[in-house]
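Asks: Structure file structure_16.cif, mmCIF, C-alpha atoms and all ligand atoms, is pasted below:
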data_input
loop_
_atom_site.label_atom_id
_atom_site.label_comp_id
_atom_site.auth_asym_id
_atom_site.auth_seq_id
_atom_site.Cartn_x
_atom_site.Cartn_y
_atom_site.Cartn_z
CA MET A 141 -14.29 -6.05 -31.98
CA GLU A 142 -17.06 -7.95 -30.25
CA ILE A 143 -19.36 -5.66 -28.23
CA LYS A 144 -21.49 -6.88 -25.33
CA VAL A 145 -23.87 -4.67 -23.37
CA TYR A 146 -25.05 -5.60 -19.85
CA LYS A 147 -27.80 -4.09 -17.75
CA ASP A 148 -25.46 -2.82 -15.05
CA TYR A 149 -21.98 -2.81 -13.57
CA GLN A 150 -22.46 -6.05 -11.65
CA ALA A 151 -23.58 -7.96 -14.74
CA MET A 152 -20.68 -6.54 -16.76
CA SER A 153 -18.16 -7.50 -14.05
CA GLU A 154 -19.65 -10.98 -13.74
CA ALA A 155 -19.40 -11.55 -17.51
CA ALA A 156 -15.77 -10.38 -17.60
CA ALA A 157 -14.92 -12.71 -14.71
CA GLU A 158 -16.57 -15.63 -16.52
CA MET A 159 -14.43 -14.98 -19.60
CA ILE A 160 -11.23 -15.01 -17.58
CA LYS A 161 -12.30 -18.04 -15.52
CA ASN A 162 -13.04 -20.00 -18.68
CA GLU A 163 -9.61 -19.21 -20.08
CA MET A 164 -7.98 -20.17 -16.77
CA LYS A 165 -9.82 -23.47 -16.69
CA GLN A 166 -8.33 -24.29 -20.12
CA ASP A 167 -4.81 -23.23 -19.11
CA ASN A 168 -3.97 -22.12 -15.60
CA HIS A 169 -0.42 -21.08 -16.63
CA ILE A 170 -1.94 -17.83 -17.76
CA VAL A 171 -0.22 -14.45 -18.09
CA LEU A 172 -2.72 -11.75 -17.17
CA GLY A 173 -2.38 -8.10 -18.12
CA LEU A 174 -4.12 -6.08 -15.42
CA ALA A 175 -5.55 -2.58 -15.14
CA THR A 176 -6.28 -0.24 -12.26
CA GLY A 177 -9.12 2.26 -11.94
CA SER A 178 -12.62 1.90 -10.53
CA THR A 179 -13.84 -0.09 -13.55
CA PRO A 180 -12.19 -3.49 -12.95
CA ILE A 181 -12.79 -3.59 -9.17
CA GLY A 182 -15.99 -5.64 -9.59
CA LEU A 183 -14.18 -8.07 -11.89
CA TYR A 184 -11.38 -8.51 -9.33
CA GLN A 185 -13.94 -9.14 -6.59
CA LYS A 186 -15.63 -11.85 -8.67
CA LEU A 187 -12.30 -13.52 -9.44
CA ALA A 188 -11.34 -13.41 -5.76
CA GLU A 189 -14.66 -15.03 -4.82
CA SER A 190 -14.10 -17.80 -7.36
CA CYS A 191 -10.59 -18.33 -6.04
CA ALA A 192 -11.88 -18.55 -2.44
CA ALA A 193 -14.51 -21.03 -3.60
CA GLY A 194 -11.77 -23.20 -5.15
CA GLU A 195 -13.07 -22.79 -8.72
CA ILE A 196 -9.84 -21.20 -9.99
CA SER A 197 -6.31 -20.78 -8.71
CA PHE A 198 -3.60 -18.28 -9.59
CA GLN A 199 -0.81 -20.55 -8.34
CA HIS A 200 0.48 -21.08 -11.89
CA ALA A 201 -0.51 -17.65 -13.17
CA SER A 202 1.44 -14.42 -13.40
CA SER A 203 0.39 -10.83 -13.98
CA TYR A 204 1.74 -7.63 -15.47
CA ASN A 205 0.04 -4.33 -14.75
CA LEU A 206 -0.28 -1.53 -17.24
CA ASP A 207 1.01 1.47 -15.39
CA GLU A 208 2.03 3.32 -12.23
CA TYR A 209 2.35 6.95 -11.21
CA VAL A 210 5.76 8.58 -11.09
CA GLY A 211 6.68 10.64 -8.04
CA ILE A 212 4.70 9.00 -5.25
CA PRO A 213 6.11 6.19 -3.10
CA MET A 214 5.18 2.58 -3.87
CA ASP A 215 3.32 2.32 -0.56
CA HIS A 216 1.33 5.56 -1.07
CA PRO A 217 -2.38 4.83 -0.52
CA GLU A 218 -3.13 5.89 -4.13
CA SER A 219 -0.23 4.14 -5.84
CA TYR A 220 -1.21 1.41 -8.28
CA HIS A 221 0.95 -1.02 -6.28
CA THR A 222 -1.28 -0.35 -3.26
CA PHE A 223 -4.43 -0.46 -5.39
CA MET A 224 -3.59 -3.88 -6.81
CA ASN A 225 -2.62 -5.32 -3.42
CA GLU A 226 -5.76 -4.04 -1.75
CA ASN A 227 -8.24 -4.81 -4.52
CA PHE A 228 -6.88 -8.05 -5.87
CA PHE A 229 -3.50 -9.56 -5.02
CA LYS A 230 -4.04 -10.00 -1.28
CA HIS A 231 -7.34 -11.81 -1.92
CA VAL A 232 -5.98 -14.45 -4.33
CA ASP A 233 -3.20 -17.03 -4.39
CA PHE A 234 -0.53 -15.76 -6.79
CA PRO A 235 2.87 -17.13 -5.77
CA LYS A 236 5.34 -14.59 -4.40
CA GLY A 237 7.01 -12.68 -7.24
CA ALA A 238 4.39 -13.60 -9.84
CA THR A 239 2.70 -10.20 -9.91
CA HIS A 240 4.38 -7.24 -11.57
CA VAL A 241 3.52 -3.55 -11.57
CA PRO A 242 5.80 -1.18 -13.48
CA TRP A 243 7.97 1.08 -11.40
CA THR A 244 10.46 3.85 -11.80
CA ASP A 245 11.96 6.05 -9.11
CA GLY A 246 12.63 8.57 -11.89
CA VAL A 247 16.44 8.23 -11.78
CA ASN A 248 16.78 5.97 -14.85
CA PRO A 249 13.30 5.85 -16.33
CA GLU A 250 14.50 4.64 -19.74
CA VAL A 251 16.24 1.64 -18.11
CA ASP A 252 13.11 0.84 -16.08
CA CYS A 253 10.89 1.07 -19.18
CA ARG A 254 13.13 -1.24 -21.24
CA ALA A 255 13.34 -3.73 -18.34
CA TYR A 256 9.54 -3.89 -18.09
CA ASP A 257 9.08 -4.59 -21.81
CA GLU A 258 11.77 -7.28 -21.60
CA ALA A 259 10.08 -8.90 -18.60
CA VAL A 260 6.73 -9.07 -20.41
CA GLN A 261 8.45 -10.48 -23.49
CA LYS A 262 10.33 -13.08 -21.42
CA ALA A 263 7.02 -14.17 -19.90
CA GLY A 264 5.83 -14.91 -23.46
CA GLY A 265 3.59 -11.84 -23.71
CA ILE A 266 0.13 -11.34 -22.28
CA ASP A 267 -2.58 -13.99 -22.69
CA ILE A 268 -5.51 -11.84 -21.56
CA GLN A 269 -5.23 -8.08 -21.26
CA VAL A 270 -7.83 -6.38 -19.06
CA LEU A 271 -8.37 -2.70 -19.90
CA GLY A 272 -10.48 0.21 -18.79
CA ILE A 273 -10.80 3.41 -20.78
CA GLY A 274 -10.18 6.98 -19.70
CA GLY A 275 -12.81 9.66 -20.30
CA ASN A 276 -10.53 11.05 -23.05
CA GLY A 277 -10.14 7.64 -24.71
CA HIS A 278 -6.80 6.72 -23.12
CA ILE A 279 -5.81 3.14 -22.40
CA ALA A 280 -3.23 2.45 -19.69
CA PHE A 281 -1.67 5.94 -19.62
CA ASN A 282 -1.40 6.24 -23.40
CA GLU A 283 -2.85 9.70 -23.65
CA PRO A 284 -4.19 11.40 -26.81
CA ASP A 285 -1.13 12.28 -28.89
CA GLU A 286 0.18 12.86 -32.42
CA SER A 287 1.34 9.25 -32.73
CA PHE A 288 0.95 5.90 -30.99
CA THR A 289 3.86 4.83 -28.78
CA GLU A 290 4.81 1.18 -28.95
CA GLU A 291 7.18 0.77 -26.00
CA THR A 292 6.78 1.26 -22.27
CA HIS A 293 7.40 4.94 -21.65
CA ILE A 294 6.93 7.90 -19.35
CA ALA A 295 3.66 9.67 -20.08
CA TYR A 296 2.64 13.18 -19.10
CA LEU A 297 -0.95 13.07 -18.01
CA ASP A 298 -3.63 14.94 -19.87
CA GLU A 299 -5.53 17.75 -18.10
CA ARG A 300 -8.71 15.64 -18.25
CA THR A 301 -6.92 12.64 -16.69
CA ILE A 302 -5.46 14.78 -13.89
CA GLN A 303 -8.94 16.15 -13.29
CA ASP A 304 -10.52 12.64 -13.31
CA ASN A 305 -7.88 11.25 -10.94
CA SER A 306 -8.08 14.18 -8.53
CA ARG A 307 -11.04 12.46 -6.81
CA PHE A 308 -8.50 10.14 -5.15
CA PHE A 309 -6.24 12.92 -3.82
CA ASP A 310 -6.75 15.74 -1.31
CA SER A 311 -5.91 18.44 -3.84
CA MET A 312 -5.18 18.89 -7.52
CA GLU A 313 -1.51 19.66 -6.70
CA GLN A 314 -1.10 16.20 -5.19
CA VAL A 315 -2.23 14.35 -8.31
CA PRO A 316 0.85 12.93 -10.06
CA LYS A 317 1.44 14.55 -13.44
CA SER A 318 3.37 11.68 -15.02
CA ALA A 319 3.35 7.90 -15.08
CA ILE A 320 5.23 4.89 -16.37
CA THR A 321 2.97 3.02 -18.78
CA VAL A 322 3.15 0.18 -21.22
CA GLY A 323 2.79 1.34 -24.80
CA MET A 324 0.56 -0.09 -27.48
CA GLY A 325 3.05 -2.91 -28.18
CA VAL A 326 2.26 -4.94 -25.04
CA ILE A 327 -1.48 -4.35 -25.48
CA MET A 328 -1.68 -5.07 -29.22
CA LYS A 329 0.44 -8.23 -28.89
CA ALA A 330 -1.84 -9.64 -26.16
CA ARG A 331 -3.62 -12.75 -27.41
CA ARG A 332 -6.96 -11.53 -26.13
CA VAL A 333 -8.14 -8.12 -24.90
CA ILE A 334 -11.11 -7.53 -22.62
CA ILE A 335 -11.99 -3.85 -22.31
CA LEU A 336 -14.60 -2.66 -19.82
CA ALA A 337 -16.48 0.62 -19.53
CA ASN A 338 -19.39 1.63 -17.35
CA GLY A 339 -21.20 4.86 -16.63
CA ALA A 340 -22.44 7.76 -18.74
CA ASN A 341 -19.11 9.61 -18.38
CA LYS A 342 -17.52 6.96 -20.64
CA ALA A 343 -20.19 7.10 -23.38
CA ASP A 344 -18.35 9.65 -25.57
CA ALA A 345 -15.01 7.82 -25.34
CA VAL A 346 -16.74 4.51 -26.14
CA TYR A 347 -18.51 6.07 -29.12
CA LYS A 348 -15.24 7.46 -30.52
CA MET A 349 -13.39 4.20 -29.92
CA VAL A 350 -16.03 2.20 -31.79
CA HIS A 351 -17.26 4.57 -34.52
CA GLY A 352 -14.60 7.26 -34.87
CA GLN A 353 -11.41 7.29 -36.89
CA ILE A 354 -8.55 5.07 -35.72
CA LYS A 355 -6.10 7.72 -34.57
CA PRO A 356 -3.68 8.45 -31.72
CA GLN A 357 -5.90 11.31 -30.52
CA VAL A 358 -8.31 8.53 -29.43
CA PRO A 359 -5.80 5.95 -28.17
CA ALA A 360 -8.39 3.18 -27.57
CA SER A 361 -9.41 3.30 -31.25
CA ILE A 362 -6.28 1.26 -32.09
CA LEU A 363 -8.01 -1.76 -30.54
CA ARG A 364 -10.17 -2.04 -33.67
CA LEU A 365 -7.00 -3.35 -35.37
CA HIS A 366 -6.61 -6.16 -32.80
CA PRO A 367 -8.03 -9.53 -33.88
CA ASN A 368 -9.47 -10.61 -30.53
CA VAL A 369 -11.09 -7.81 -28.51
CA THR A 370 -14.26 -8.01 -26.43
CA LEU A 371 -15.74 -4.70 -25.29
CA LEU A 372 -18.00 -5.10 -22.26
CA LEU A 373 -20.28 -2.18 -21.43
CA ASP A 374 -23.10 -1.30 -19.13
CA GLU A 375 -26.12 0.40 -20.69
CA ASP A 376 -24.98 3.90 -19.73
CA ALA A 377 -21.58 3.58 -21.39
CA ALA A 378 -23.23 2.04 -24.49
CA ARG A 379 -25.97 4.61 -24.89
CA LYS A 380 -24.36 6.60 -27.72
CA LEU A 381 -23.43 3.58 -29.83
CA LYS A 382 -25.21 3.09 -33.14
CA LYS A 383 -27.60 0.17 -33.07
C1 LIG A 401 -6.46 5.48 -15.18
C2 LIG A 401 -5.70 4.21 -15.61
C3 LIG A 401 -6.40 3.48 -16.74
C4 LIG A 401 -7.88 3.39 -16.45
C5 LIG A 401 -8.47 4.76 -16.36
C6 LIG A 401 -9.97 4.75 -16.12
O1 LIG A 401 -6.04 6.60 -15.86
N1 LIG A 401 -4.36 4.48 -15.99
O2 LIG A 401 -5.81 2.21 -16.93
O3 LIG A 401 -8.51 2.64 -17.46
O4 LIG A 401 -7.85 5.44 -15.30
O5 LIG A 401 -10.23 4.70 -14.76
P1 LIG A 401 -11.65 4.38 -14.12
O6 LIG A 401 -11.84 2.90 -14.33
O7 LIG A 401 -11.50 4.72 -12.67
O8 LIG A 401 -12.64 5.20 -14.83
#
Give the structure from the file, written as structure tokens.
Ligand code: GLP
Replies:
Amino acid sequence: MEIKVYKDYQAMSEAAAEMIKNEMKQDNHIVLGLATGSTPIGLYQKLAESCAAGEISFQHASSYNLDEYVGIPMDHPESYHTFMNENFFKHVDFPKGATHVPWTDGVNPEVDCRAYDEAVQKAGGIDIQVLGIGGNGHIAFNEPDESFTEETHIAYLDERTIQDNSRFFDSMEQVPKSAITVGMGVIMKARRVIILANGANKADAVYKMVHGQIKPQVPASILRLHPNVTLLLDEDAARKLKK
């Protein structure tokens, strides 16, 4: 795992955007794995600016998101479909149908999960996977558990995650309690992983991911077994790391 520390959020976002732009300049038929959350918003803004400036184009690219809540409509202001449209897709030039966000209406979740894994596989897997990390060490919605889950699945959100996500909802009751999420298979098979973390509230999770045991109770720790991971941090998120 390569670790890079930047002075602030802007510098971290800029560096992540440069990495993706460089890959896209080598091969614009790229399959991107995308994340939601506050962390990658700066990265998406930088990529959108580069696209507007004509430096990169997503016309031959496609994308697969990590996860989506279960139990709120697709057009809910806090759904990950809405998040991706508002923060990224509507600002860049992906062709229609090239962006994918998992979805289940809850009627046949197993069918929806299998279909998503098959779609990613049919696309040839992910070239660059963008990740954030939850305060409890989760990636996508792979929450701390007794074992790692390989396939796309329905996850029941951890108390800490519900608490963290409640800032986007009017009340705790409105925060979805489950989600459809890719498992570790899609993430670990990605050719390259870029994981971002900023802010002091991520310092413990970052410390455990980097220095702790590799175990499903710290889902992000599995990334230490991936051959091509870059961890981009701001100084606050990096402050507990050993020199
Ligand atoms: C959510 C998402 C994760 C994301 C995490 C951190 O739970 N499912 O993919 O990494 O939140 O979010 P933030 O970047 O807002 O801290």
Asks: When you count only C-alpha atoms and all ligand atoms, which of these residues is closest to ligand LIG 401 (chain A): A:Met324, A:Met152, A:Met214, A:Leu174?
Replies: A:Leu174
Asks: Between CA of Glu154 (chain A) and CA of Asn227 (chain A), what is the distance in Å, rounded to a tenth?
Replies: 15.9 Å
Asks: Quick one: everything within 12 Å of Met312 (chain A), counting all atoms listed in the file, minus sequence neighbours fewer than 4 positions away in the same chain. Send it as a tab-separated table (two decimals) with C-alpha atoms, in the coordinates of the input.
Replies:
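After the write, around_11.tsv holds the following:
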chain	number	residue	atom	x	y	z
A	299	GLU	CA	-5.53	17.75	-18.10
A	300	ARG	CA	-8.71	15.64	-18.25
A	301	THR	CA	-6.92	12.64	-16.69
A	302	ILE	CA	-5.46	14.78	-13.89
A	303	GLN	CA	-8.94	16.15	-13.29
A	304	ASP	CA	-10.52	12.64	-13.31
A	305	ASN	CA	-7.88	11.25	-10.94
A	306	SER	CA	-8.08	14.18	-8.53
A	307	ARG	CA	-11.04	12.46	-6.81
A	308	PHE	CA	-8.50	10.14	-5.15
A	316	PRO	CA	0.85	12.93	-10.06
A	317	LYS	CA	1.44	14.55	-13.44
Asks: Any residue with an atom at most 10 Å from ligand LIG 401 (chain A) counts, using only C-alpha atoms and all ligand atoms. Which are they? Put them as a PyMOL selection string.
Replies: chain A and resi 174-181+205-209+220+270-283+297-298+300-302+304-305+307-308+319-321+335-339+341-342
Asks: Calculated over only C-alpha atoms, which of the candidates A:Ser153, A:Asn168, A:Asn368, A:Gln199 has the smallest distance to Lys186 (chain A)?
Replies: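 Once distances to Lys186 (chain A) are computed over only C-alpha atoms, the minimum belongs to A:Ser153.
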Asks: I need the residue nearest Asp252 (chain A) from this list: A:His293, A:Pro235, A:Ile266, A:Val315. Use only C-alpha atoms for the distance.
Replies: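 Result for the nearest residue to Asp252 (chain A): A:His293.
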Asks: Enter the distance from CA of Val346 (chain A) to CA of Leu172 (chain A), in Å, rounded to one decimal.
Replies: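 That distance, rounded to one decimal, is 23.3 Å.
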Asks: Tell me, as an MDAnalysis selection string, which residues lie within 12 Å of Asn162 (chain A), counting all atoms listed in the file; anything in the same chain fewer than 3 positions away does not count.
Replies: chainID A and resid 155:159 165:168 170 187 190 195:196 268
Asks: From the set A:Ile294, A:Met224, A:Val145, A:Val333, which residue has the shortest atom-to-atom contact distance to Ala377 (chain A), counting all atoms listed in the file?
Replies: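 The closest residue to Ala377 (chain A) is A:Val145.
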Asks: Could you please determine the separation between CA of Ile143 (chain A) and CA of Leu371 (chain A) in Å, to one decimal place?
Replies: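 Computing it gives 4.8 Å between the two atoms.
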Asks: Rank A:Met164, A:Ala295, A:Ala340, A:Val358 by their smallest atom-to-atom distance to Ser318 (chain A), using all atoms listed in the file, and report the top residue only.
Replies: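 Nearest to Ser318 (chain A): A:Ala295.
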Asks: So that I can check the surroundings of Val260 (chain A), please list as a short mmCIF file (atom, residue, chain, number, x, y, z; two decimals) with C-alpha atoms, keeping the file's coordinate frame every protein, DNA and RNA residue that reaches within 12 Å of it, counting all atoms listed in the file and ignoring chain neighbours fewer than 6 positions away.
Replies:
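File written: result_23.cif
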data_model
loop_
_atom_site.label_atom_id
_atom_site.label_comp_id
_atom_site.auth_asym_id
_atom_site.auth_seq_id
_atom_site.Cartn_x
_atom_site.Cartn_y
_atom_site.Cartn_z
CA VAL A 171 -0.22 -14.45 -18.09
CA LEU A 172 -2.72 -11.75 -17.17
CA GLY A 173 -2.38 -8.10 -18.12
CA SER A 202 1.44 -14.42 -13.40
CA SER A 203 0.39 -10.83 -13.98
CA TYR A 204 1.74 -7.63 -15.47
CA ASN A 205 0.04 -4.33 -14.75
CA LEU A 206 -0.28 -1.53 -17.24
CA ALA A 238 4.39 -13.60 -9.84
CA THR A 239 2.70 -10.20 -9.91
CA HIS A 240 4.38 -7.24 -11.57
CA VAL A 241 3.52 -3.55 -11.57
CA PRO A 242 5.80 -1.18 -13.48
CA CYS A 253 10.89 1.07 -19.18
CA ARG A 254 13.13 -1.24 -21.24
CA ILE A 266 0.13 -11.34 -22.28
CA ASP A 267 -2.58 -13.99 -22.69
CA GLU A 291 7.18 0.77 -26.00
CA THR A 292 6.78 1.26 -22.27
CA VAL A 322 3.15 0.18 -21.22
CA GLY A 323 2.79 1.34 -24.80
CA GLY A 325 3.05 -2.91 -28.18
CA VAL A 326 2.26 -4.94 -25.04
CA ILE A 327 -1.48 -4.35 -25.48
CA LYS A 329 0.44 -8.23 -28.89
CA ALA A 330 -1.84 -9.64 -26.16
#
Asks: Just want the 8 Å neighbourhood of Lys144 (chain A), counted on all atoms listed in the file, with same-chain residues fewer than 6 positions away dropped. Output as a compact mmCIF listing (two decimals) with C-alpha atoms, in the frame of the given file.
Replies:
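This went into out08.txt:
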# COMPACT_ATOMS: atom_id res chain seq x y z
CA THR A 370 -14.26 -8.01 -26.43
CA LEU A 371 -15.74 -4.70 -25.29
CA LEU A 372 -18.00 -5.10 -22.26
CA LEU A 373 -20.28 -2.18 -21.43
Asks: Can you tell me, as a short mmCIF file (atom, residue, chain, number, x, y, z; two decimals) with C-alpha atoms, in the frame of the given file, what residues are no more than 12 Å from Lys355 (chain A) when counting all atoms listed in the file, ignoring any on the same chain fewer than 5 positions away?
Replies:
data_model
loop_
_atom_site.label_atom_id
_atom_site.label_comp_id
_atom_site.auth_asym_id
_atom_site.auth_seq_id
_atom_site.Cartn_x
_atom_site.Cartn_y
_atom_site.Cartn_z
CA GLY A 277 -10.14 7.64 -24.71
CA HIS A 278 -6.80 6.72 -23.12
CA GLU A 283 -2.85 9.70 -23.65
CA PRO A 284 -4.19 11.40 -26.81
CA ASP A 285 -1.13 12.28 -28.89
CA GLU A 286 0.18 12.86 -32.42
CA SER A 287 1.34 9.25 -32.73
CA PHE A 288 0.95 5.90 -30.99
CA THR A 289 3.86 4.83 -28.78
CA LYS A 348 -15.24 7.46 -30.52
CA MET A 349 -13.39 4.20 -29.92
CA VAL A 350 -16.03 2.20 -31.79
CA ALA A 360 -8.39 3.18 -27.57
CA SER A 361 -9.41 3.30 -31.25
CA ILE A 362 -6.28 1.26 -32.09
CA LEU A 363 -8.01 -1.76 -30.54
CA ARG A 364 -10.17 -2.04 -33.67
CA LEU A 365 -7.00 -3.35 -35.37
#
Asks: Using only C-alpha atoms, find the one residue out of A:Asp310, A:Asp376, A:Asp233, A:Asp215 that sits nearest to Glu189 (chain A).
Replies: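 Nearest to Glu189 (chain A): A:Asp233.
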Asks: Generate all heavy atoms for region 195-204 of chain A and emit them as an mmCIF file, in the coordinates of the input.
Replies:
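So the final result, stored in selection_0.cif, reads:
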data_model
loop_
_atom_site.group_PDB
_atom_site.id
_atom_site.type_symbol
_atom_site.label_atom_id
_atom_site.label_comp_id
_atom_site.auth_asym_id
_atom_site.auth_seq_id
_atom_site.Cartn_x
_atom_site.Cartn_y
_atom_site.Cartn_z
ATOM 1 N N GLU A 195 -12.761 -22.567 -7.290
ATOM 2 C CA GLU A 195 -13.070 -22.790 -8.720
ATOM 3 C C GLU A 195 -11.869 -22.507 -9.618
ATOM 4 O O GLU A 195 -11.718 -23.104 -10.669
ATOM 5 C CB GLU A 195 -14.202 -21.856 -9.168
ATOM 6 C CG GLU A 195 -15.549 -22.137 -8.563
ATOM 7 C CD GLU A 195 -16.511 -21.013 -8.940
ATOM 8 O OE1 GLU A 195 -16.493 -20.559 -10.092
ATOM 9 O OE2 GLU A 195 -17.255 -20.576 -8.046
ATOM 10 N N ILE A 196 -11.048 -21.540 -9.215
ATOM 11 C CA ILE A 196 -9.840 -21.200 -9.990
ATOM 12 C C ILE A 196 -8.700 -20.973 -9.008
ATOM 13 O O ILE A 196 -8.935 -20.710 -7.814
ATOM 14 C CB ILE A 196 -10.012 -19.911 -10.846
ATOM 15 C CG1 ILE A 196 -10.597 -18.752 -10.003
ATOM 16 C CG2 ILE A 196 -10.860 -20.169 -12.076
ATOM 17 C CD1 ILE A 196 -10.493 -17.391 -10.688
ATOM 18 N N SER A 197 -7.482 -21.081 -9.532
ATOM 19 C CA SER A 197 -6.310 -20.780 -8.710
ATOM 20 C C SER A 197 -5.312 -20.004 -9.556
ATOM 21 O O SER A 197 -5.189 -20.241 -10.764
ATOM 22 C CB SER A 197 -5.669 -22.082 -8.234
ATOM 23 O OG SER A 197 -4.374 -21.802 -7.736
ATOM 24 N N PHE A 198 -4.609 -19.081 -8.907
ATOM 25 C CA PHE A 198 -3.600 -18.280 -9.590
ATOM 26 C C PHE A 198 -2.196 -18.814 -9.312
ATOM 27 O O PHE A 198 -1.212 -18.158 -9.605
ATOM 28 C CB PHE A 198 -3.712 -16.811 -9.147
ATOM 29 C CG PHE A 198 -5.012 -16.176 -9.588
ATOM 30 C CD1 PHE A 198 -6.159 -16.298 -8.814
ATOM 31 C CD2 PHE A 198 -5.091 -15.489 -10.790
ATOM 32 C CE1 PHE A 198 -7.362 -15.739 -9.226
ATOM 33 C CE2 PHE A 198 -6.289 -14.923 -11.218
ATOM 34 C CZ PHE A 198 -7.427 -15.057 -10.440
ATOM 35 N N GLN A 199 -2.116 -20.027 -8.750
ATOM 36 C CA GLN A 199 -0.810 -20.550 -8.340
ATOM 37 C C GLN A 199 0.155 -20.740 -9.509
ATOM 38 O O GLN A 199 1.362 -20.742 -9.321
ATOM 39 C CB GLN A 199 -0.990 -21.859 -7.582
ATOM 40 C CG GLN A 199 -1.115 -21.592 -6.095
ATOM 41 C CD GLN A 199 -1.568 -22.791 -5.302
ATOM 42 O OE1 GLN A 199 -1.438 -23.926 -5.749
ATOM 43 N NE2 GLN A 199 -2.107 -22.536 -4.136
ATOM 44 N N HIS A 200 -0.392 -20.925 -10.711
ATOM 45 C CA HIS A 200 0.480 -21.080 -11.890
ATOM 46 C C HIS A 200 0.369 -19.872 -12.814
ATOM 47 O O HIS A 200 0.842 -19.909 -13.946
ATOM 48 C CB HIS A 200 0.122 -22.357 -12.640
ATOM 49 C CG HIS A 200 0.286 -23.578 -11.805
ATOM 50 N ND1 HIS A 200 1.521 -24.074 -11.444
ATOM 51 C CD2 HIS A 200 -0.635 -24.377 -11.197
ATOM 52 C CE1 HIS A 200 1.359 -25.131 -10.679
ATOM 53 N NE2 HIS A 200 0.055 -25.334 -10.502
ATOM 54 N N ALA A 201 -0.291 -18.839 -12.336
ATOM 55 C CA ALA A 201 -0.510 -17.650 -13.170
ATOM 56 C C ALA A 201 0.533 -16.568 -12.845
ATOM 57 O O ALA A 201 1.217 -16.638 -11.820
ATOM 58 C CB ALA A 201 -1.916 -17.110 -12.927
ATOM 59 N N SER A 202 0.642 -15.606 -13.716
ATOM 60 C CA SER A 202 1.440 -14.420 -13.400
ATOM 61 C C SER A 202 0.705 -13.202 -13.957
ATOM 62 O O SER A 202 -0.228 -13.348 -14.757
ATOM 63 C CB SER A 202 2.847 -14.516 -13.988
ATOM 64 O OG SER A 202 2.771 -14.686 -15.378
ATOM 65 N N SER A 203 1.094 -12.030 -13.511
ATOM 66 C CA SER A 203 0.390 -10.830 -13.980
ATOM 67 C C SER A 203 1.349 -9.671 -14.194
ATOM 68 O O SER A 203 2.376 -9.559 -13.512
ATOM 69 C CB SER A 203 -0.703 -10.430 -12.988
ATOM 70 O OG SER A 203 -0.114 -9.864 -11.840
ATOM 71 N N TYR A 204 0.987 -8.844 -15.146
ATOM 72 C CA TYR A 204 1.740 -7.630 -15.470
ATOM 73 C C TYR A 204 0.755 -6.485 -15.548
ATOM 74 O O TYR A 204 -0.172 -6.511 -16.360
ATOM 75 C CB TYR A 204 2.491 -7.794 -16.804
ATOM 76 C CG TYR A 204 3.630 -8.775 -16.661
ATOM 77 C CD1 TYR A 204 3.396 -10.149 -16.768
ATOM 78 C CD2 TYR A 204 4.904 -8.344 -16.340
ATOM 79 C CE1 TYR A 204 4.418 -11.062 -16.571
ATOM 80 C CE2 TYR A 204 5.935 -9.245 -16.137
ATOM 81 C CZ TYR A 204 5.685 -10.596 -16.259
ATOM 82 O OH TYR A 204 6.700 -11.492 -16.045
#
